[in-house]
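Asker: input_16.tsv is reproduced below (TSV, C-alpha atoms and all ligand atoms).
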```tsv
chain	number	residue	atom	x	y	z
W	2	MET	CA	192.70	100.46	-26.90
W	3	ALA	CA	191.33	104.00	-26.49
W	4	ASP	CA	188.79	102.72	-23.96
W	5	ALA	CA	191.38	100.83	-21.93
W	6	SER	CA	193.77	103.76	-21.70
W	7	SER	CA	191.07	106.23	-20.75
W	8	THR	CA	189.65	103.96	-18.02
W	9	SER	CA	193.07	103.28	-16.56
W	10	ALA	CA	194.16	106.93	-16.70
W	11	SER	CA	191.02	108.62	-15.51
W	12	PRO	CA	190.67	107.51	-11.85
W	13	GLY	CA	194.18	108.78	-11.07
W	14	MET	CA	193.67	111.87	-13.19
W	15	LEU	CA	190.33	112.59	-11.53
W	16	LEU	CA	191.82	112.18	-8.07
W	17	LEU	CA	194.66	114.53	-8.97
W	18	LEU	CA	192.19	117.02	-10.41
W	19	ALA	CA	190.00	116.80	-7.30
W	20	VAL	CA	193.00	117.40	-5.04
W	21	LEU	CA	194.10	120.38	-7.13
W	22	LEU	CA	190.60	121.85	-7.16
W	23	LEU	CA	190.21	121.44	-3.41
W	24	ALA	CA	193.63	122.96	-2.81
W	25	SER	CA	192.86	125.95	-4.99
W	26	ALA	CA	189.43	126.42	-3.39
W	27	GLY	CA	191.08	126.36	0.02
W	28	ALA	CA	193.77	128.78	-1.10
W	29	ALA	CA	191.24	131.20	-2.53
W	30	SER	CA	190.70	132.93	0.80
W	31	GLY	CA	187.66	135.11	0.79
W	32	THR	CA	185.33	132.42	-0.48
W	33	LEU	CA	182.11	133.04	1.38
W	34	SER	CA	178.92	131.00	1.15
W	35	SER	CA	175.26	131.63	1.89
W	36	MET	CA	175.10	128.13	3.47
W	37	PHE	CA	177.99	128.65	5.86
W	38	TYR	CA	175.98	128.26	9.10
W	39	GLU	CA	173.46	125.80	7.65
W	40	ALA	CA	174.73	122.95	9.87
W	41	SER	CA	176.45	124.82	12.71
W	42	CYS	CA	173.85	127.50	13.47
W	43	PRO	CA	170.78	127.01	11.28
W	44	LYS	CA	168.75	129.62	13.15
W	45	ALA	CA	171.36	132.40	12.83
W	46	TYR	CA	169.30	134.43	10.38
W	47	ASP	CA	166.10	134.19	12.45
W	48	ILE	CA	167.94	135.10	15.65
W	49	VAL	CA	169.48	138.23	14.13
W	50	ARG	CA	166.17	139.18	12.63
W	51	ARG	CA	164.30	138.83	15.92
W	52	VAL	CA	166.71	141.09	17.83
W	53	ILE	CA	166.53	143.80	15.13
W	54	GLN	CA	162.73	143.56	15.03
W	55	ASP	CA	162.59	144.10	18.79
W	56	ALA	CA	165.10	146.97	18.72
W	57	ARG	CA	163.31	148.92	16.00
W	58	VAL	CA	160.07	149.01	18.00
W	59	THR	CA	161.65	151.60	20.31
W	60	ASP	CA	164.19	152.97	17.82
W	61	PRO	CA	162.96	153.13	14.21
W	62	ARG	CA	166.39	154.40	13.14
W	63	ILE	CA	168.15	151.15	14.08
W	64	PRO	CA	168.04	149.48	10.64
W	65	ALA	CA	169.78	152.50	9.09
W	66	SER	CA	172.37	152.60	11.86
W	67	LEU	CA	173.15	148.90	11.44
W	68	ILE	CA	173.75	148.94	7.68
W	69	ARG	CA	176.08	151.88	8.15
W	70	LEU	CA	178.16	149.79	10.59
W	71	HIS	CA	178.70	147.13	7.91
W	72	PHE	CA	179.88	149.83	5.48
W	73	HIS	CA	182.26	151.40	8.01
W	74	ASP	CA	183.54	147.94	8.90
W	75	CYS	CA	184.17	146.75	5.34
W	76	PHE	CA	185.91	149.96	4.22
W	77	VAL	CA	188.56	149.63	6.94
W	78	GLN	CA	190.90	146.64	6.37
W	79	GLY	CA	187.98	144.59	5.03
W	80	CYS	CA	184.83	143.15	6.60
W	81	ASP	CA	186.53	141.85	9.74
W	82	GLY	CA	184.48	143.35	12.58
W	83	SER	CA	187.33	145.75	13.41
W	84	LEU	CA	184.90	148.65	13.83
W	85	LEU	CA	183.27	146.88	16.78
W	86	LEU	CA	186.39	146.74	18.96
W	87	ASP	CA	186.53	149.08	21.94
W	88	ASP	CA	189.72	150.73	23.15
W	89	ASP	CA	192.01	148.21	24.84
W	90	LEU	CA	195.31	150.05	25.02
W	91	PRO	CA	198.08	149.71	24.17
W	92	ALA	CA	197.16	147.00	21.62
W	93	ILE	CA	193.75	148.13	20.38
W	94	HIS	CA	192.94	151.70	19.38
W	95	SER	CA	189.22	151.75	18.68
W	96	GLU	CA	188.07	152.93	15.24
W	97	LYS	CA	185.00	154.28	17.01
W	98	ASN	CA	186.94	157.41	17.97
W	99	VAL	CA	187.82	158.68	14.48
W	100	PRO	CA	185.85	161.68	13.16
W	101	GLY	CA	183.68	159.61	10.78
W	102	ASN	CA	182.50	157.41	13.65
W	103	GLU	CA	182.69	159.40	16.86
W	104	ASN	CA	179.27	160.56	18.08
W	105	SER	CA	177.96	159.22	14.78
W	106	ALA	CA	178.28	155.45	14.29
W	107	ARG	CA	175.65	153.85	16.50
W	108	GLY	CA	173.75	150.62	17.13
W	109	PHE	CA	176.58	148.92	19.05
W	110	PRO	CA	174.34	147.76	21.94
W	111	VAL	CA	172.05	146.06	19.39
W	112	VAL	CA	175.07	144.23	17.96
W	113	ASP	CA	175.89	143.12	21.53
W	114	SER	CA	172.34	141.80	21.93
W	115	ILE	CA	172.58	139.91	18.64
W	116	LYS	CA	175.92	138.41	19.68
W	117	ALA	CA	174.53	137.39	23.10
W	118	ALA	CA	171.51	135.72	21.49
W	119	LEU	CA	173.75	133.83	19.02
W	120	GLU	CA	176.21	132.76	21.73
W	121	ASN	CA	173.24	131.42	23.63
W	122	SER	CA	172.11	129.22	20.73
W	123	CYS	CA	175.40	128.31	19.07
W	124	PRO	CA	178.39	129.41	21.14
W	125	GLY	CA	181.60	130.34	19.34
W	126	ILE	CA	180.15	129.91	15.84
W	127	VAL	CA	178.96	133.18	14.28
W	128	SER	CA	181.52	135.95	13.76
W	129	CYS	CA	180.87	139.60	14.55
W	130	ALA	CA	181.79	140.48	10.96
W	131	ASP	CA	179.03	138.14	9.71
W	132	ILE	CA	176.59	139.63	12.24
W	133	LEU	CA	177.05	143.02	10.54
W	134	ALA	CA	176.54	141.51	7.07
W	135	LEU	CA	173.36	139.71	8.18
W	136	ALA	CA	172.10	142.75	10.07
W	137	ALA	CA	172.60	144.93	6.99
W	138	GLU	CA	170.46	142.69	4.79
W	139	ILE	CA	167.75	142.19	7.40
W	140	SER	CA	167.63	145.94	8.07
W	141	VAL	CA	167.07	146.75	4.41
W	142	GLU	CA	164.43	144.06	4.09
W	143	LEU	CA	162.55	145.21	7.22
W	144	ALA	CA	162.50	148.78	5.89
W	145	GLY	CA	160.86	147.65	2.63
W	146	GLY	CA	163.97	147.21	0.48
W	147	PRO	CA	165.30	144.26	-1.51
W	148	ARG	CA	166.32	140.88	-0.15
W	149	TRP	CA	169.48	139.09	-1.09
W	150	SER	CA	171.28	135.96	-0.13
W	151	VAL	CA	173.97	137.05	2.34
W	152	LEU	CA	177.36	135.44	1.86
W	153	LEU	CA	178.83	134.24	5.16
W	154	GLY	CA	181.96	132.71	6.64
W	155	ARG	CA	183.92	135.84	7.57
W	156	ARG	CA	186.09	135.60	10.66
W	157	ASP	CA	186.90	138.40	13.08
W	158	GLY	CA	190.14	140.34	12.97
W	159	THR	CA	192.35	141.00	15.96
W	160	THR	CA	193.55	144.47	14.93
W	161	THR	CA	192.10	147.87	14.11
W	162	SER	CA	193.28	150.49	11.62
W	163	ILE	CA	193.05	154.12	12.63
W	164	GLU	CA	194.66	155.19	9.35
W	165	GLY	CA	192.05	153.24	7.42
W	166	ALA	CA	189.22	154.63	9.53
W	167	LYS	CA	190.41	158.21	9.02
W	168	ASN	CA	190.18	157.56	5.27
W	169	LEU	CA	186.44	156.75	5.35
W	170	PRO	CA	184.52	158.83	2.79
W	171	SER	CA	183.62	162.30	4.09
W	172	PRO	CA	180.43	164.23	3.32
W	173	PHE	CA	182.71	167.05	2.13
W	174	ASP	CA	184.67	164.88	-0.35
W	175	PRO	CA	184.28	165.93	-4.01
W	176	LEU	CA	183.04	163.34	-6.52
W	177	ASP	CA	186.51	162.33	-7.76
W	178	LYS	CA	187.61	161.66	-4.19
W	179	LEU	CA	184.52	159.50	-3.51
W	180	GLN	CA	185.13	157.57	-6.74
W	181	GLU	CA	188.77	157.06	-5.77
W	182	LYS	CA	187.89	155.80	-2.29
W	183	PHE	CA	185.39	153.32	-3.77
W	184	ARG	CA	187.72	152.21	-6.56
W	185	LEU	CA	190.27	151.21	-3.91
W	186	PHE	CA	187.86	148.36	-3.13
W	187	ASN	CA	186.99	147.61	-6.74
W	188	LEU	CA	183.66	149.44	-6.44
W	189	ASP	CA	182.73	151.34	-9.61
W	190	ASP	CA	180.39	154.26	-10.34
W	191	THR	CA	177.33	152.02	-10.36
W	192	ASP	CA	178.29	150.68	-6.93
W	193	LEU	CA	178.88	154.21	-5.64
W	194	VAL	CA	175.50	155.46	-6.82
W	195	ALA	CA	173.67	152.34	-5.66
W	196	LEU	CA	175.30	152.18	-2.23
W	197	GLN	CA	174.75	155.86	-1.49
W	198	GLY	CA	171.10	154.97	-2.06
W	199	ALA	CA	171.26	153.68	1.53
W	200	HIS	CA	170.74	157.34	2.44
W	201	THR	CA	167.10	156.59	1.73
W	202	PHE	CA	166.73	156.08	5.49
W	203	GLY	CA	168.39	157.16	8.72
W	204	ARG	CA	169.42	160.50	10.16
W	205	VAL	CA	172.10	163.11	9.74
W	206	GLN	CA	173.40	165.74	12.14
W	207	CYS	CA	172.78	169.23	10.77
W	208	GLN	CA	176.51	170.02	10.97
W	209	PHE	CA	177.09	167.64	8.02
W	210	THR	CA	174.27	168.87	5.79
W	211	ARG	CA	174.58	171.22	2.82
W	212	GLU	CA	172.42	173.79	4.59
W	213	ASN	CA	174.40	173.45	7.84
W	214	CYS	CA	172.64	174.14	11.16
W	215	THR	CA	170.37	177.09	11.71
W	216	ALA	CA	171.31	179.65	14.37
W	217	TRP	CA	169.11	177.98	16.99
W	218	GLN	CA	170.05	174.35	16.21
W	219	PRO	CA	172.85	172.55	18.09
W	220	GLN	CA	175.47	170.95	15.77
W	221	CYS	CA	174.15	167.48	16.57
W	222	ALA	CA	170.47	168.22	15.82
W	223	LEU	CA	169.12	165.32	13.75
W	224	GLU	CA	167.39	165.57	10.40
W	225	ASN	CA	166.09	162.90	8.07
W	226	LEU	CA	168.45	161.89	5.31
W	227	ASP	CA	165.41	161.27	3.10
W	228	GLN	CA	162.81	163.90	3.83
W	229	ALA	CA	160.22	162.23	1.60
W	230	THR	CA	160.08	158.76	3.23
W	231	PRO	CA	162.46	158.89	6.25
W	232	ASP	CA	162.32	155.26	7.42
W	233	VAL	CA	161.43	153.46	4.19
W	234	PHE	CA	164.00	151.85	1.93
W	235	ASP	CA	162.89	152.99	-1.53
W	236	ASN	CA	164.24	154.97	-4.51
W	237	LYS	CA	162.90	158.38	-3.37
W	238	TYR	CA	166.48	159.31	-2.45
W	239	TYR	CA	167.26	159.66	-6.17
W	240	ASP	CA	164.23	161.90	-6.71
W	241	ASN	CA	165.55	164.12	-3.91
W	242	LEU	CA	168.83	164.41	-5.82
W	243	LEU	CA	166.98	165.36	-9.02
W	244	TYR	CA	165.16	168.12	-7.10
W	245	GLY	CA	168.51	169.30	-5.69
W	246	HIS	CA	167.35	168.33	-2.20
W	247	ALA	CA	170.04	165.90	-1.04
W	248	GLN	CA	171.10	166.46	2.54
W	249	LEU	CA	174.78	165.72	1.98
W	250	GLN	CA	177.06	167.43	-0.49
W	251	SER	CA	178.55	163.96	-1.14
W	252	ASP	CA	175.10	162.85	-2.33
W	253	GLN	CA	174.34	165.87	-4.51
W	254	VAL	CA	177.74	165.79	-6.29
W	255	MET	CA	176.71	162.59	-8.07
W	256	LEU	CA	174.44	164.87	-10.12
W	257	SER	CA	175.98	168.33	-9.80
W	258	ASP	CA	179.69	167.69	-10.34
W	259	PRO	CA	180.90	168.89	-13.79
W	260	THR	CA	182.08	165.35	-14.60
W	261	ALA	CA	178.88	163.67	-13.36
W	262	ALA	CA	177.06	163.98	-16.70
W	263	VAL	CA	179.20	161.22	-18.19
W	264	THR	CA	179.67	159.15	-15.02
W	265	THR	CA	177.21	159.06	-12.11
W	266	ALA	CA	174.31	161.28	-13.25
W	267	PRO	CA	172.86	158.84	-15.80
W	268	ILE	CA	172.81	156.17	-13.08
W	269	VAL	CA	170.96	158.52	-10.70
W	270	HIS	CA	168.34	159.09	-13.42
W	271	ARG	CA	168.04	155.35	-14.03
W	272	PHE	CA	167.51	154.48	-10.35
W	273	SER	CA	165.08	157.36	-9.89
W	274	GLY	CA	162.97	156.04	-12.74
W	275	ASN	CA	163.04	152.37	-11.83
W	276	GLN	CA	162.99	151.09	-8.26
W	277	GLN	CA	163.47	147.46	-9.30
W	278	ASP	CA	166.62	148.45	-11.17
W	279	PHE	CA	167.87	150.23	-8.04
W	280	PHE	CA	167.01	147.27	-5.80
W	281	ARG	CA	168.79	144.77	-8.05
W	282	ASN	CA	171.91	146.90	-8.23
W	283	PHE	CA	171.85	147.72	-4.52
W	284	ALA	CA	171.78	144.02	-3.61
W	285	ALA	CA	174.62	143.26	-6.03
W	286	SER	CA	176.73	146.14	-4.70
W	287	MET	CA	176.12	145.10	-1.09
W	288	ILE	CA	177.43	141.64	-1.92
W	289	LYS	CA	180.50	143.22	-3.56
W	290	MET	CA	181.07	145.43	-0.51
W	291	GLY	CA	180.62	142.45	1.80
W	292	ASN	CA	183.34	140.62	-0.12
W	293	ILE	CA	186.05	143.16	0.71
W	294	SER	CA	189.02	141.09	1.98
W	295	PRO	CA	187.23	138.85	4.48
W	296	LEU	CA	189.27	136.68	6.84
W	297	THR	CA	188.41	133.03	6.22
W	298	GLY	CA	189.60	129.53	7.02
W	299	ARG	CA	192.07	129.68	9.89
W	300	ASP	CA	192.65	133.43	9.79
W	301	GLY	CA	191.27	135.58	12.57
W	302	GLU	CA	188.93	134.18	15.20
W	303	ILE	CA	185.29	134.02	16.23
W	304	ARG	CA	185.05	136.67	18.94
W	305	LYS	CA	183.05	135.83	22.04
W	306	ASN	CA	182.39	139.51	22.66
W	307	CYS	CA	182.30	141.78	19.62
W	308	ARG	CA	183.99	144.57	21.61
W	309	ARG	CA	187.13	142.58	22.53
W	310	ILE	CA	189.53	140.14	20.91
W	311	ASN	CA	189.72	136.68	22.52
W	312	THR	CA	193.14	137.29	24.03
W	313	LYS	CA	194.43	134.13	25.68
W	314	GLY	CA	195.78	134.22	29.23
W	315	TYR	CA	194.05	137.49	29.85
W	401	LIG	C1	179.84	157.58	-0.41
W	401	LIG	C2	180.28	157.91	0.73
W	401	LIG	C3	179.45	158.17	1.95
W	401	LIG	C4	179.49	159.29	2.71
W	401	LIG	C5	180.40	160.50	2.51
W	401	LIG	C6	178.53	159.12	3.77
W	401	LIG	C7	178.31	160.03	4.78
W	401	LIG	C8	177.35	159.92	5.76
W	401	LIG	C9	177.12	160.90	6.78
W	401	LIG	C10	177.87	162.21	6.96
W	401	LIG	C11	176.08	160.46	7.53
W	401	LIG	C12	175.46	161.16	8.74
W	401	LIG	C13	176.27	160.85	9.98
W	401	LIG	C14	175.88	161.69	11.15
W	401	LIG	O1	175.21	162.70	10.99
W	401	LIG	O2	176.28	161.33	12.28
W	401	LIG	C15	175.67	159.20	7.00
W	401	LIG	C16	174.64	158.42	7.48
W	401	LIG	C17	174.28	157.21	6.97
W	401	LIG	N1	174.93	156.51	5.97
W	401	LIG	FE1	176.36	157.24	4.77
W	401	LIG	N2	177.91	157.92	3.62
W	401	LIG	C18	178.43	157.30	2.53
W	401	LIG	C19	178.11	156.03	2.06
W	401	LIG	C20	177.23	155.19	2.68
W	401	LIG	C21	177.06	153.80	2.33
W	401	LIG	C22	177.87	153.06	1.28
W	401	LIG	C23	176.09	153.32	3.16
W	401	LIG	C24	175.51	151.92	3.22
W	401	LIG	C25	175.51	151.06	2.25
W	401	LIG	C26	175.64	154.41	3.99
W	401	LIG	C27	174.62	154.34	4.91
W	401	LIG	C28	174.26	155.35	5.77
W	401	LIG	C29	173.09	155.31	6.62
W	401	LIG	C30	172.03	154.24	6.61
W	401	LIG	C31	173.11	156.47	7.40
W	401	LIG	C32	172.15	156.84	8.53
W	401	LIG	C33	172.66	156.20	9.81
W	401	LIG	C34	171.82	156.45	11.06
W	401	LIG	O3	170.74	157.03	11.00
W	401	LIG	O4	172.31	156.04	12.13
W	401	LIG	N3	176.38	155.51	3.70
W	401	LIG	N4	176.47	158.88	5.90
W	402	LIG	C1	178.59	175.18	9.82
W	402	LIG	O1	178.41	176.24	10.73
W	402	LIG	C2	179.39	176.27	11.76
W	402	LIG	C3	178.97	177.37	12.75
W	402	LIG	O2	178.69	178.57	12.09
W	402	LIG	C4	180.76	176.52	11.15
W	402	LIG	O3	181.75	176.54	12.16
W	402	LIG	C5	181.05	175.38	10.17
W	402	LIG	O4	182.28	175.61	9.51
W	402	LIG	C6	179.93	175.27	9.14
W	402	LIG	N1	180.16	174.08	8.35
W	402	LIG	C7	180.22	174.10	7.03
W	402	LIG	C8	180.49	172.81	6.37
W	402	LIG	O5	180.07	175.10	6.36
```
In C-alpha cells, what does this structure look like?

Answerer:
Amino acid sequence: MADASSTSASPGMLLLLAVLLLASAGAASGTLSSMFYEASCPKAYDIVRRVIQDARVTDPRIPASLIRLHFHDCFVQGCDGSLLLDDDLPAIHSEKNVPGNENSARGFPVVDSIKAALENSCPGIVSCADILALAAEISVELAGGPRWSVLLGRRDGTTTSIEGAKNLPSPFDPLDKLQEKFRLFNLDDTDLVALQGAHTFGRVQCQFTRENCTAWQPQCALENLDQATPDVFDNKYYDNLLYGHAQLQSDQVMLSDPTAAVTTAPIVHRFSGNQQDFFRNFAASMIKMGNISPLTGRDGEIRKNCRRINTKGY
C-alpha cells in the first residue's frame, strides 16, 4: 500500500518540484556561475589573460588599474559595465567624468583590446562587466596574489549613474563613512579591510596622499601606493599601516580612527601577520563585490563595444 502510493505520487511530485526549483532558480536573478562561458567561449579566460600579459610589459601598472575599474563599476548600480560607457548625450552621461574617476580611472584602452580579442573569437558572447571581473582576478594573480574562481554571467547595462559615481568612496572619507558606503552593498568590516588591501599595488597622485604634494611636485605627480613592494600583490600594505605609512588617509583610518580598535584594527593586524589569511579573505570579498546586483538572464545586453550601448537603428 505504502509502496504503491509513493510510486504513483512521486513522478508527478518530482516533476512539480523540478519545475518549481527551475522557476525559482530562474527568478533568482544574480545567479552567476564560474562555468558560464564553458560552452560558448571556452577560451575567454586565456584570451583576457594574454591581452593583460602583453599590456603589462610596457605598463607594469596595468593590473592595478584594471582591478580598480571592477571596483568602480560594481559600486555604481552594480557590476554592469556602466563605468565603461563614454559620453553619448543626451542619453548617456559618462561616469568617467566624476571626480573619483576623471584623470584617475585608467586602463580603458586595454579593456577595448580585450573586448576586440573576445569579439574575434566568440562574437556577442562575453559582456564588458564580465571582462572587468575576469581582468581583476587575472591582474591579482599576475602580480603574485591569490587565485579564485571568477563567477560569470553578468550582462551589460544600458544606463549610467552620475549620482552613484559621485558617491564612490573618497580618500578623505572618515572610517564611519567608508563603513557606511561598503555596508550599502552588504560589505562588512572584514571586506573593507581586505579590499583596501588592493592598495598593495598601483599608483596615487600626490594630491590625494596624506602628505600632499611637495612645493615642486605637480598635483598629478605619481607615487607608489605601496612603497615597500610597488607592483607585487602581497600583505606588505598592512605592515605599512602598522608603521603609520599608508599613502591615503582612507587607508590609515582603519588603524588610527578612535573606533578602529574594536572594528577594523584587529583585522589589519591579522592580515599583516598572515598573508594566507589575507589572500583567502581578499578572494572571498572580491567574489562578494562581484556579486553586487548583476544583470542576468534577459536583462541588459552584451555590448559589442564596451564604450557604447548597442542602440538599435542608430
Ligand atoms: C575604501 C575605499 C577606497 C578609497 C577611498 C580608494 C581611493 C583610491 C585613490 C584616491 C586612489 C588613487 C587614485 C589617483 O591617484 O588617481 C586609488 C587607487 C587604487 N585603488 Fe583604491 N580606494 C578604495 C578602495 C579600493 C578597492 C576596494 C580596490 C580594489 C579592490 C581599490 C584598488 C585600487 C588600486 C589597485 C589603485 C591603483 C590604481 C592605478 O594605479 O591605476 N581601491 N584608490
Ligand atoms: C594640498 O595642497 C594644495 C596646494 O597647496 C591645497 O590646495 C590642497 O587643499 C591640499 N590638499 C589637502 C588634502 O590638504

Asker: Could you please extract the residues within 7 Å of ligand LIG 402 (chain W), counting all atoms listed in the file, and hand them back as a VMD selection string?

Answerer: chain W and resid 208 to 209 213 to 214

Asker: List all protein, DNA and RNA residues that have any atom at most 7 Å from ligand LIG 401 (chain W), counting only C-alpha atoms and all ligand atoms, and write the list as a ChimeraX atom specification.

Answerer: /W:62-63,65-66,68-69,72,104-107,170-174,179,193,196-197,199-200,202-207,209,249,251,287

Asker: Could you check which of W:Gly108, W:Gly198, W:Pro43, W:Pro61 is closest to Leu133 (chain W), using all atoms listed in the file?

Answerer: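 Closest to Leu133 (chain W), using all atoms listed in the file: W:Gly108.
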
Asker: Using all atoms listed in the file, which of the listed residues (W:Phe272, W:Glu103, W:Val52, W:Ile293) sits closest to Cys221 (chain W)?

Answerer: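 Closest to Cys221 (chain W) of all the choices is W:Glu103.
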
Asker: Could you give me, as a short mmCIF file (atom, residue, chain, number, x, y, z; two decimals) with C-alpha atoms, in the coordinates of the input, the residues that have an atom at most 12 Å away from the point (161.6, 166.2, 1.7) in the coordinates of the file, using only C-alpha atoms?

Answerer:
```
data_model
loop_
_atom_site.label_atom_id
_atom_site.label_comp_id
_atom_site.auth_asym_id
_atom_site.auth_seq_id
_atom_site.Cartn_x
_atom_site.Cartn_y
_atom_site.Cartn_z
CA THR W 201 167.10 156.59 1.73
CA PHE W 202 166.73 156.08 5.49
CA GLU W 224 167.39 165.57 10.40
CA ASN W 225 166.09 162.90 8.07
CA LEU W 226 168.45 161.89 5.31
CA ASP W 227 165.41 161.27 3.10
CA GLN W 228 162.81 163.90 3.83
CA ALA W 229 160.22 162.23 1.60
CA THR W 230 160.08 158.76 3.23
CA PRO W 231 162.46 158.89 6.25
CA LYS W 237 162.90 158.38 -3.37
CA TYR W 238 166.48 159.31 -2.45
CA TYR W 239 167.26 159.66 -6.17
CA ASP W 240 164.23 161.90 -6.71
CA ASN W 241 165.55 164.12 -3.91
CA LEU W 242 168.83 164.41 -5.82
CA TYR W 244 165.16 168.12 -7.10
CA GLY W 245 168.51 169.30 -5.69
CA HIS W 246 167.35 168.33 -2.20
CA ALA W 247 170.04 165.90 -1.04
CA GLN W 248 171.10 166.46 2.54
#
```

Asker: In Å to one decimal, how far is CA of Val194 (chain W) from CA of Pro259 (chain W)?

Answerer: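 CA of Pro259 (chain W) sits 16.1 Å away from CA of Val194 (chain W).
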
Asker: Using only C-alpha atoms, can you tell me which of W:Lys97, W:Arg50, W:Arg308, W:Lys116 comes closest to Val77 (chain W)?

Answerer: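 Ranked by minimum distance to Val77 (chain W), first place goes to W:Lys97.
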
Asker: In file coordinates, which residues lie within 8 Å of (169.4, 138.6, 11.2) using all atoms listed in the file, given as JSON, numbers by chain?

Answerer: {"W": [45, 46, 47, 48, 49, 50, 51, 52, 53, 132, 135, 136, 138, 139]}

Asker: Please compute the CA of Ile303 (chain W)-CA of Asp157 (chain W) distance, one decimal, in Å.

Answerer: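 For CA of Ile303 (chain W) relative to CA of Asp157 (chain W), the distance reads 5.6 Å.
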
Asker: If you measure from CA of Thr265 (chain W) to CA of Asn168 (chain W), what distance in Å do you get, rounded to one decimal?

Answerer: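 Atom-to-atom, CA of Thr265 (chain W) to CA of Asn168 (chain W), that is 21.7 Å.
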
Asker: Report as a list in words all protein, DNA and RNA residues lying within 9 Å of Leu119 (chain W), evaluated on all atoms listed in the file, omitting residues in the same chain fewer than 4 positions from it.

Answerer: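 Close residues of Leu119 (chain W): Cys42, Lys44, Ala45, Ile48, Val49, Ser114, Ile115, Cys123, Pro124, Gly125, Ile126 and Val127 of chain W.
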
Asker: Any idea what's packed within 10 Å of Ser286 (chain W), counting all atoms listed in the file, ignoring anything in its chain fewer than 3 positions away? Could you give it as a ChimeraX atom specification?

Answerer: /W:188-189,191-196,280-283,289-292

Asker: Using only C-alpha atoms, which residue out of W:Asn98, W:Glu120, W:Phe37, W:Ser294 lies closest to Asn187 (chain W)?

Answerer: W:Ser294

Asker: Under the rule that only C-alpha atoms are counted, which of W:Leu169, W:Val58, W:Leu176, W:Ala144 is the nearest residue to Ala261 (chain W)?

Answerer: W:Leu176

Asker: Could you check which of W:Asp131, W:Asp258, W:Val263, W:Gln78 is closest to Val151 (chain W), using only C-alpha atoms?

Answerer: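 Of the candidates, the smallest distance to Val151 (chain W) is held by W:Asp131.
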